[in-house]
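Asks: Before I ask anything, let me first share the structure, which is written out below as structure tokens.
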Amino acid sequence: MLILATALGLLIGLPQLWLTLMYYPKSIRANQSSQDKVKIGCVDIRALFLGLFRPDFRGRVNGVFYPEVCASIGPAILLIPWCTSWHQWLALAGFLLLSAGGTIFRLFSPVMLRIPARWMYWVNLTLVFMAVDGLYHAGVPPVFILLHAGYLVLVHSRLWPMHPFVQRIERPSRAFSKPYTTLFQEPWRVSGLSYPMRTGHVTHTRTLGYTGGAQLTSMARFRRDADPNGSGLHDWFQSDNTQEEANWFGVRWAITHRPLRAPWKPTQFRHVYENTQVADRVPNWSELEFFYGPN
């Protein structure tokens with residue numbers, strides 16, 4: 001049954017896996033050393049174990065926010081010893097070692113797109129399955145399960161990443177009705193977008209592009225970003241790029257508290273400026289790769 005479920009999951013994920021394989025050689029990760037990939041995000045096993053029982057909602061672990069490395073699944077963790085499936089314990093041990101960024105992670109580092117902490121997704125998923133098995137084998141009454149669900153809703157909602165600085169995702173109907181949305185739904189790029197609009201996916205807004213640790217090599221060279229894990233910046237004015245490059249790249253709009261001068265002019269929205277010298281068209285990723293990609 002496990003083999004069948006795994007095969008079905010691979011089949012469903014095949015389109016994404018294929019695109020990832022095509023993208024990987026173009027990413028800065030393809031040429032990074034294992035030391036670069038474990039620069040941040042290595043999970044401290046002791047902090048992880050303590051967090052199973054008492055999550056630290058405002059802490060940080062090796063340069064990343066605590067919610068990114070949290071493995072708390074509530075009181076159901078106490079029922080995991082009832083689960084005796086050896087392959088689940090084996091999977092949990094493997095994912096924990098990968099999340100710690102040690103020898104196991106370094107062994108597979110040539111194919112790693114993300115930091116070690118991203119293996120916590122698998123740690124959490126494994127713990128959930130183990131807890132479900134524990135609930136089943138322990139014969140826990142339904143009322144306990146309802147109480148446990150209430151605990152997760154009331155307490156773990158505070159583990160929203162970087163709360164309160166991240167807004168919860170809105171309904172598309174509300175996102176599209178905002179005044180900014182109409183202004184930014186154009187072919188040009190926007191600097192300084194805040195969450196949840198930062199990615200631009202919901203409102204079809206062109207951002208400055210992905211700037212994390214798996215960004216395009218051409219993008220990193222264009223931004224002169226030497227950080228092996230990416231700068232993560234979404235503000236044009238925090239980069240070393242020039243105004244001429246902003247014009248070419250198609251940065252027409254900027255959301256900033258800086259008092260910008262010409263060629264930027266204020267708009268009808270507070271702290272929103274328009275670039276009056278922006279190019280007529282925005283270069284696509286192929287053009288960016290042609291000018292700034294690998295030699």
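Chain lettering (A, B, ...) mirrors the order of the structure tokens, residue numbering begins at 1 for each chain separately, and ligand numbering begins at 1 in order of display.
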How close does each residue of range 158-271 of chain A get to range 10-34 of chain A, giving the shortest atom pair and distance in Å to one decimal for every residue with an atom at most 9 Å away, counting only C-alpha atoms, sorted by chain and residue number, as CSV?
Replies:
```
residue,atom,partner,partner_atom,distance
A:Gly213,CA,A:Arg29,CA,7.0
A:Ala214,CA,A:Ser27,CA,5.5
A:Gln215,CA,A:Ser27,CA,5.5
A:Leu216,CA,A:Ser27,CA,4.4
A:Thr217,CA,A:Ile28,CA,4.9
A:Ser218,CA,A:Lys26,CA,7.9
A:Ala220,CA,A:Ile28,CA,7.6
A:Pro228,CA,A:Gln32,CA,7.2
A:Asn229,CA,A:Arg29,CA,8.6
A:Gly230,CA,A:Ile28,CA,8.9
```
Asks: Go ahead and write the residues just picked, C-alpha atoms, as a PDB file, in the first residue's frame.
Replies:
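Saved as selection-v9.pdb:
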```pdb
ATOM      1  CA  GLY A 213      18.719  30.875  -2.328  1.00  0.00           C
ATOM      2  CA  ALA A 214      17.500  29.030  -5.423  1.00  0.00           C
ATOM      3  CA  GLN A 215      17.255  32.103  -7.654  1.00  0.00           C
ATOM      4  CA  LEU A 216      18.399  32.165 -11.256  1.00  0.00           C
ATOM      5  CA  THR A 217      22.132  32.645 -11.760  1.00  0.00           C
ATOM      6  CA  SER A 218      21.334  35.414 -14.229  1.00  0.00           C
ATOM      7  CA  ALA A 220      21.884  36.941  -8.985  1.00  0.00           C
ATOM      8  CA  PRO A 228      24.808  32.041  -1.206  1.00  0.00           C
ATOM      9  CA  ASN A 229      21.291  31.992   0.255  1.00  0.00           C
ATOM     10  CA  GLY A 230      20.074  35.003  -1.677  1.00  0.00           C
TER      11      GLY A 230
END
```
Asks: Any chance you could list, as a PyMOL selection string, the residues in range 81-271 of chain A that come up alpha helix (DSSP H) when DSSP is run on the backbone?
Replies: chain A and resi 86-100+103-107+120-138+142-155+172-176+179-184+217-223+243-249
Asks: Just to be explicit: take each residue in the selection above, keep C-alpha atoms, and write the result as a PDB file, in the first residue's frame.
Replies:
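Produced file part-v3.pdb, reproduced below:
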```
ATOM      1  CA  TRP A  86       9.686   0.638  11.850  1.00  0.00           C
ATOM      2  CA  HIS A  87       9.595   2.387   8.476  1.00  0.00           C
ATOM      3  CA  GLN A  88       8.000   5.481  10.049  1.00  0.00           C
ATOM      4  CA  TRP A  89      10.704   5.670  12.703  1.00  0.00           C
ATOM      5  CA  LEU A  90      13.328   5.180   9.990  1.00  0.00           C
ATOM      6  CA  ALA A  91      11.824   7.956   7.873  1.00  0.00           C
ATOM      7  CA  LEU A  92      11.648  10.290  10.878  1.00  0.00           C
ATOM      8  CA  ALA A  93      15.304   9.658  11.749  1.00  0.00           C
ATOM      9  CA  GLY A  94      16.381  10.283   8.152  1.00  0.00           C
ATOM     10  CA  PHE A  95      14.444  13.533   7.834  1.00  0.00           C
ATOM     11  CA  LEU A  96      15.762  14.762  11.190  1.00  0.00           C
ATOM     12  CA  LEU A  97      19.344  14.137  10.096  1.00  0.00           C
ATOM     13  CA  LEU A  98      18.749  15.962   6.824  1.00  0.00           C
ATOM     14  CA  SER A  99      17.189  18.937   8.639  1.00  0.00           C
ATOM     15  CA  ALA A 100      20.221  19.163  10.939  1.00  0.00           C
ATOM     16  CA  THR A 103      26.876  14.612   7.098  1.00  0.00           C
ATOM     17  CA  ILE A 104      23.708  13.188   5.527  1.00  0.00           C
ATOM     18  CA  PHE A 105      22.668  16.566   4.114  1.00  0.00           C
ATOM     19  CA  ARG A 106      26.180  17.268   2.829  1.00  0.00           C
ATOM     20  CA  LEU A 107      26.204  13.887   1.109  1.00  0.00           C
ATOM     21  CA  MET A 120      11.078  19.995   8.479  1.00  0.00           C
ATOM     22  CA  TYR A 121       8.071  19.725   6.167  1.00  0.00           C
ATOM     23  CA  TRP A 122       8.791  15.998   5.983  1.00  0.00           C
ATOM     24  CA  VAL A 123       9.489  15.766   9.702  1.00  0.00           C
ATOM     25  CA  ASN A 124       6.099  17.300  10.452  1.00  0.00           C
ATOM     26  CA  LEU A 125       4.302  15.107   7.945  1.00  0.00           C
ATOM     27  CA  THR A 126       5.890  11.970   9.387  1.00  0.00           C
ATOM     28  CA  LEU A 127       4.994  12.992  12.937  1.00  0.00           C
ATOM     29  CA  VAL A 128       1.385  13.550  11.896  1.00  0.00           C
ATOM     30  CA  PHE A 129       1.110  10.058  10.405  1.00  0.00           C
ATOM     31  CA  MET A 130       2.734   8.567  13.486  1.00  0.00           C
ATOM     32  CA  ALA A 131       0.350  10.466  15.754  1.00  0.00           C
ATOM     33  CA  VAL A 132      -2.652   9.242  13.767  1.00  0.00           C
ATOM     34  CA  ASP A 133      -1.395   5.676  14.131  1.00  0.00           C
ATOM     35  CA  GLY A 134      -0.937   6.306  17.844  1.00  0.00           C
ATOM     36  CA  LEU A 135      -4.491   7.609  18.206  1.00  0.00           C
ATOM     37  CA  TYR A 136      -5.811   4.530  16.418  1.00  0.00           C
ATOM     38  CA  HIS A 137      -3.839   1.931  18.330  1.00  0.00           C
ATOM     39  CA  ALA A 138      -4.405   3.615  21.712  1.00  0.00           C
ATOM     40  CA  PRO A 142     -13.441  10.947  19.815  1.00  0.00           C
ATOM     41  CA  VAL A 143     -13.876  13.689  22.413  1.00  0.00           C
ATOM     42  CA  PHE A 144     -10.108  13.774  22.968  1.00  0.00           C
ATOM     43  CA  ILE A 145      -9.541  14.148  19.238  1.00  0.00           C
ATOM     44  CA  LEU A 146     -11.950  17.101  19.136  1.00  0.00           C
ATOM     45  CA  LEU A 147     -10.187  18.729  22.089  1.00  0.00           C
ATOM     46  CA  HIS A 148      -6.835  18.170  20.404  1.00  0.00           C
ATOM     47  CA  ALA A 149      -8.100  19.791  17.192  1.00  0.00           C
ATOM     48  CA  GLY A 150      -9.277  22.788  19.220  1.00  0.00           C
ATOM     49  CA  TYR A 151      -5.844  23.069  20.820  1.00  0.00           C
ATOM     50  CA  LEU A 152      -4.154  23.135  17.414  1.00  0.00           C
ATOM     51  CA  VAL A 153      -6.516  25.830  16.128  1.00  0.00           C
ATOM     52  CA  LEU A 154      -6.234  28.086  19.172  1.00  0.00           C
ATOM     53  CA  VAL A 155      -2.563  27.676  20.061  1.00  0.00           C
ATOM     54  CA  PRO A 172      -8.972  36.568  -4.479  1.00  0.00           C
ATOM     55  CA  SER A 173     -12.134  38.666  -4.771  1.00  0.00           C
ATOM     56  CA  ARG A 174     -10.879  40.990  -2.019  1.00  0.00           C
ATOM     57  CA  ALA A 175      -7.295  41.006  -3.281  1.00  0.00           C
ATOM     58  CA  PHE A 176      -8.399  42.063  -6.757  1.00  0.00           C
ATOM     59  CA  PRO A 179      -6.896  50.176  -5.333  1.00  0.00           C
ATOM     60  CA  TYR A 180      -3.274  49.071  -5.773  1.00  0.00           C
ATOM     61  CA  THR A 181      -4.304  46.024  -7.746  1.00  0.00           C
ATOM     62  CA  THR A 182      -5.691  47.988 -10.675  1.00  0.00           C
ATOM     63  CA  LEU A 183      -2.630  50.222 -10.807  1.00  0.00           C
ATOM     64  CA  PHE A 184      -0.118  47.369 -10.699  1.00  0.00           C
ATOM     65  CA  THR A 217      22.132  32.645 -11.760  1.00  0.00           C
ATOM     66  CA  SER A 218      21.334  35.414 -14.229  1.00  0.00           C
ATOM     67  CA  MET A 219      19.156  37.149 -11.634  1.00  0.00           C
ATOM     68  CA  ALA A 220      21.884  36.941  -8.985  1.00  0.00           C
ATOM     69  CA  ARG A 221      24.448  38.399 -11.400  1.00  0.00           C
ATOM     70  CA  PHE A 222      22.080  41.159 -12.459  1.00  0.00           C
ATOM     71  CA  ARG A 223      21.529  42.096  -8.806  1.00  0.00           C
ATOM     72  CA  GLN A 243      18.574  53.855 -12.150  1.00  0.00           C
ATOM     73  CA  GLU A 244      19.419  52.955 -15.750  1.00  0.00           C
ATOM     74  CA  GLU A 245      19.137  49.252 -14.867  1.00  0.00           C
ATOM     75  CA  ALA A 246      15.792  49.921 -13.183  1.00  0.00           C
ATOM     76  CA  ASN A 247      14.588  51.565 -16.376  1.00  0.00           C
ATOM     77  CA  TRP A 248      15.728  48.608 -18.505  1.00  0.00           C
ATOM     78  CA  PHE A 249      14.360  46.003 -16.091  1.00  0.00           C
TER      79      PHE A 249
END
```
Asks: Which parts of range 45-253 of chain A does DSSP call strand (DSSP E or B) when run on the backbone here, written out as a PyMOL selection string?
Replies: chain A and resi 60-61+64-65+189-191+206+216+251-253
Asks: Could you list, as JSON, numbers by chain, every residue within 6 Å of range 272-279 of chain A, counting only C-alpha atoms and ignoring same-chain residues fewer than 3 positions away?
Replies: {"A": [247, 248, 250, 252, 253, 254, 255, 263, 264, 265, 266, 267, 269]}
Asks: Could you dump the residues just selected with N, CA and C atoms as a CSV table (one decimal), in the first residue's frame?
Replies:
```csv
chain,number,residue,atom,x,y,z
A,247,ASN,N,15.3,51.2,-15.2
A,247,ASN,CA,14.6,51.6,-16.4
A,247,ASN,C,14.5,50.4,-17.3
A,248,TRP,N,15.7,49.7,-17.6
A,248,TRP,CA,15.7,48.6,-18.5
A,248,TRP,C,14.9,47.4,-18.0
A,250,GLY,N,12.4,47.4,-16.2
A,250,GLY,CA,11.0,47.6,-16.2
A,250,GLY,C,10.4,48.0,-14.8
A,252,ARG,N,8.7,50.2,-12.8
A,252,ARG,CA,7.9,51.4,-13.0
A,252,ARG,C,7.3,51.9,-11.7
A,253,TRP,N,7.0,51.0,-10.8
A,253,TRP,CA,6.3,51.4,-9.6
A,253,TRP,C,7.2,51.1,-8.3
A,254,ALA,N,7.2,51.9,-7.3
A,254,ALA,CA,7.9,51.7,-6.1
A,254,ALA,C,7.1,52.1,-4.9
A,255,ILE,N,7.0,51.2,-4.0
A,255,ILE,CA,6.3,51.4,-2.7
A,255,ILE,C,7.4,51.6,-1.7
A,263,PRO,N,13.9,60.6,-11.7
A,263,PRO,CA,12.7,60.5,-12.6
A,263,PRO,C,11.5,59.9,-11.9
A,264,TRP,N,11.5,59.8,-10.6
A,264,TRP,CA,10.3,59.2,-9.9
A,264,TRP,C,9.4,60.4,-9.5
A,265,LYS,N,8.1,60.1,-9.6
A,265,LYS,CA,7.1,61.2,-9.2
A,265,LYS,C,6.0,60.5,-8.4
A,266,PRO,N,5.5,61.3,-7.4
A,266,PRO,CA,4.4,60.7,-6.6
A,266,PRO,C,3.2,60.4,-7.4
A,267,THR,N,2.4,59.4,-6.9
A,267,THR,CA,1.1,59.0,-7.5
A,267,THR,C,0.0,59.4,-6.5
A,269,PHE,N,-1.5,57.6,-4.7
A,269,PHE,CA,-1.4,56.7,-3.5
A,269,PHE,C,-0.2,57.2,-2.7
```
Asks: Show me, as a ChimeraX atom specification, the residues that have an atom within 10 Å of Trp236 in chain A when counting only C-alpha atoms, minus same-chain residues fewer than 2 positions from it.
Replies: /A:190-192,208,223,233-234,238-243,246,251,254-256
Asks: Hey, which of A:Gln268, A:Ile80, A:Leu50, A:Val38 ends up closest to Arg118 in chain A? Count only C-alpha atoms.
Replies: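 Going through A:Gln268, A:Ile80, A:Leu50, A:Val38 one by one, the smallest distance to Arg118 in chain A is for A:Val38.
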Asks: Give me the residues near range 157-159 of chain A as a list in words, where near means some atom within 12 Å (using only C-alpha atoms) and where sequence neighbours in that chain fewer than 6 positions away do not count.
Replies: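 Once the adjacent positions are removed, what remains is Gly51, Arg54, Pro55, Asp56, Phe57, Arg58, Gly59, Phe65, Tyr66, Pro67, Glu68, Val69, Cys70, Ala71, Ser72, Ile73, Gly74, Ala149, Gly150, Tyr151, Val166 and Arg168 of chain A.
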